Each structure stands twice: as structure tokens, then as C-alpha cells.
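Worksheet: the structure to be examined is printed underneath.
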Amino acid sequence: MPRRRFNGTCFSPHDLAICERVFDQVCADEHLDPLGPDAEILAEMVVAIFRNAHTSERDLLEAVRSRRNKVAGTAH
């Protein structure tokens with residue numbers, strides 16, 4: 001997961017592990033280069049959704065997939 005400082009956010013190692021697993025799963029599903037610009041956007045999305053109380057791994061993964069599907073649907 002790209003390393004970036006998010007102002008005012010403090011994550012525990014457990015929180016980071018959840019975000020990283022979700023990030024890795026979506027990268028694998030969508031064949032994204034984890035170091036590429038699209039992955040950086042994904043990382044920001046994962047953190048933003050995590051901050052909004054989707055703190056279980058399953059809920060976070062579902063919320064990220066849903067948001068990405070909506071964004072992809074409006075891009076066409």
C-alpha cells in the first residue's frame with residue numbers, strides 16, 4: 001500500500017493490516033499495479049472508507065468494491 005501521511009489519522013497495526021489486505025485484494029481483483037497511480041487513488045479510497053466506520057475487513061472490502069463499481073459505472 002503506498003505510504004502517505006493522512007492528517008489527523010492514527011491507525012493501529014491492526015487497522016493498517018485490515019486496510020492493506022483490502023487494498024491488496026482489490027489490486028489483485030482489478031489487476032492493478034500496487035505502486036501505480038490508480039492504486040494510489042484506491043489507497044486513498046480505502047482509508048477514507050475505513051475512517052467512515054467500515055472497520056471490519058468484510059464491510060470495508062464490500063464498501064470499496066461498491067464504490068469502485070459505482071465510479072466505473074459512471075465513467076461510461
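Labels used: A, B, ... for chains in the order of the C-alpha cells, numbers from 1 for residues in each chain, and numbers from 1 for ligands as shown.
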
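Those residues that approach Arg65 (chain A) to within 10 Å, counting only C-alpha atoms, are Val22, Val26, Asp29, Val46, Asp59, Leu60, Lys70 and Val71 of chain A; same-chain residues fewer than 5 positions away are not listed.
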
Output of the above residues as a compact mmCIF listing (two decimals), in the first residue's frame, restricted to N, CA and C atoms:
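Generated file (out.txt):
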```txt
# COMPACT_ATOMS: atom_id res chain seq x y z
N VAL A 22 -7.34 -5.33 2.30
CA VAL A 22 -8.39 -4.90 1.37
C VAL A 22 -7.75 -4.30 0.12
N VAL A 26 -8.23 -5.87 -3.69
CA VAL A 26 -8.80 -5.11 -4.81
C VAL A 26 -7.77 -4.96 -5.93
N ASP A 29 -7.83 -8.28 -7.68
CA ASP A 29 -9.07 -8.45 -8.43
C ASP A 29 -9.08 -7.63 -9.71
N VAL A 46 -9.64 3.49 0.24
CA VAL A 46 -9.69 2.51 1.33
C VAL A 46 -9.62 3.23 2.68
N ASP A 59 -16.74 -5.67 5.71
CA ASP A 59 -17.51 -4.46 5.40
C ASP A 59 -16.69 -3.49 4.56
N LEU A 60 -15.43 -3.33 4.91
CA LEU A 60 -14.56 -2.42 4.17
C LEU A 60 -14.39 -2.89 2.73
N LYS A 70 -19.55 1.80 -8.64
CA LYS A 70 -20.33 3.00 -8.95
C LYS A 70 -19.51 3.98 -9.79
N VAL A 71 -18.25 4.18 -9.41
CA VAL A 71 -17.38 5.09 -10.15
C VAL A 71 -17.16 4.57 -11.56
```

Any idea what's packed within 10 Å of Leu16 (chain A), counting only C-alpha atoms, ignoring anything in its chain fewer than 6 positions away? Could you give it as a ChimeraX atom specification? /A:1,10,22,47,50

Writer output for current selection, N, CA and C atoms, as a PDB file, in the first residue's frame:
```pdb
ATOM      1  N   MET A   1       0.853  -1.170   0.000  1.00  0.00           N
ATOM      2  CA  MET A   1       0.000   0.000   0.000  1.00  0.00           C
ATOM      3  C   MET A   1       0.900   1.234   0.000  1.00  0.00           C
ATOM      4  N   CYS A  10      -4.764   8.349  13.082  1.00  0.00           N
ATOM      5  CA  CYS A  10      -3.846   7.454  13.770  1.00  0.00           C
ATOM      6  C   CYS A  10      -4.406   6.038  13.644  1.00  0.00           C
ATOM      7  N   VAL A  22      -7.339  -5.326   2.304  1.00  0.00           N
ATOM      8  CA  VAL A  22      -8.389  -4.900   1.371  1.00  0.00           C
ATOM      9  C   VAL A  22      -7.751  -4.299   0.122  1.00  0.00           C
ATOM     10  N   VAL A  47      -8.685   4.158   2.806  1.00  0.00           N
ATOM     11  CA  VAL A  47      -8.524   4.875   4.069  1.00  0.00           C
ATOM     12  C   VAL A  47      -9.755   5.728   4.361  1.00  0.00           C
ATOM     13  N   PHE A  50     -12.543   3.456   5.423  1.00  0.00           N
ATOM     14  CA  PHE A  50     -12.225   2.918   6.744  1.00  0.00           C
ATOM     15  C   PHE A  50     -12.531   3.955   7.828  1.00  0.00           C
TER      16      PHE A  50
END
```

When you look at Arg58 (chain A) with a cut-off of 12 Å (counting only C-alpha atoms), what residues show up, excluding the ones that are within fewer than 3 positions of it in the same chain? I need them as a PDB file with N, CA and C atoms, in the first residue's frame.
```pdb
ATOM      1  N   ILE A  18      -5.804  -4.420   8.178  1.00  0.00           N
ATOM      2  CA  ILE A  18      -7.102  -4.537   7.504  1.00  0.00           C
ATOM      3  C   ILE A  18      -7.090  -3.747   6.205  1.00  0.00           C
ATOM      4  N   CYS A  19      -6.659  -2.495   6.279  1.00  0.00           N
ATOM      5  CA  CYS A  19      -6.616  -1.650   5.076  1.00  0.00           C
ATOM      6  C   CYS A  19      -5.708  -2.249   4.015  1.00  0.00           C
ATOM      7  N   ARG A  21      -4.832  -5.448   3.573  1.00  0.00           N
ATOM      8  CA  ARG A  21      -5.408  -6.659   2.976  1.00  0.00           C
ATOM      9  C   ARG A  21      -6.498  -6.307   1.970  1.00  0.00           C
ATOM     10  N   VAL A  22      -7.339  -5.326   2.304  1.00  0.00           N
ATOM     11  CA  VAL A  22      -8.389  -4.900   1.371  1.00  0.00           C
ATOM     12  C   VAL A  22      -7.751  -4.299   0.122  1.00  0.00           C
ATOM     13  N   GLN A  25      -6.295  -7.066  -1.995  1.00  0.00           N
ATOM     14  CA  GLN A  25      -7.340  -7.869  -2.634  1.00  0.00           C
ATOM     15  C   GLN A  25      -7.925  -7.151  -3.841  1.00  0.00           C
ATOM     16  N   PHE A  50     -12.543   3.456   5.423  1.00  0.00           N
ATOM     17  CA  PHE A  50     -12.225   2.918   6.744  1.00  0.00           C
ATOM     18  C   PHE A  50     -12.531   3.955   7.828  1.00  0.00           C
ATOM     19  N   HIS A  54     -16.304   1.801   8.498  1.00  0.00           N
ATOM     20  CA  HIS A  54     -16.290   0.453   7.917  1.00  0.00           C
ATOM     21  C   HIS A  54     -15.005  -0.222   8.382  1.00  0.00           C
ATOM     22  N   THR A  55     -14.981  -0.623   9.632  1.00  0.00           N
ATOM     23  CA  THR A  55     -13.730  -1.106  10.210  1.00  0.00           C
ATOM     24  C   THR A  55     -13.579  -2.618  10.209  1.00  0.00           C
ATOM     25  N   LEU A  61     -14.141  -4.178   2.534  1.00  0.00           N
ATOM     26  CA  LEU A  61     -13.972  -4.718   1.185  1.00  0.00           C
ATOM     27  C   LEU A  61     -15.244  -4.523   0.366  1.00  0.00           C
ATOM     28  N   GLU A  62     -16.396  -4.816   0.949  1.00  0.00           N
ATOM     29  CA  GLU A  62     -17.666  -4.636   0.240  1.00  0.00           C
ATOM     30  C   GLU A  62     -17.910  -3.173  -0.105  1.00  0.00           C
ATOM     31  N   ALA A  63     -17.608  -2.271   0.821  1.00  0.00           N
ATOM     32  CA  ALA A  63     -17.824  -0.838   0.586  1.00  0.00           C
ATOM     33  C   ALA A  63     -16.890  -0.318  -0.508  1.00  0.00           C
ATOM     34  N   VAL A  64     -15.637  -0.751  -0.495  1.00  0.00           N
ATOM     35  CA  VAL A  64     -14.679  -0.318  -1.525  1.00  0.00           C
ATOM     36  C   VAL A  64     -15.107  -0.847  -2.888  1.00  0.00           C
ATOM     37  N   ARG A  65     -15.466  -2.115  -2.956  1.00  0.00           N
ATOM     38  CA  ARG A  65     -15.910  -2.683  -4.236  1.00  0.00           C
ATOM     39  C   ARG A  65     -17.148  -1.963  -4.754  1.00  0.00           C
TER      40      ARG A  65
END
```

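Straight-line separation from CA of Leu32 (chain A) to CA of Ser56 (chain A): 23.0 Å.
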
In Å, how far is it from CA of Phe11 (chain A) to CA of Glu40 (chain A)? 17.9 Å
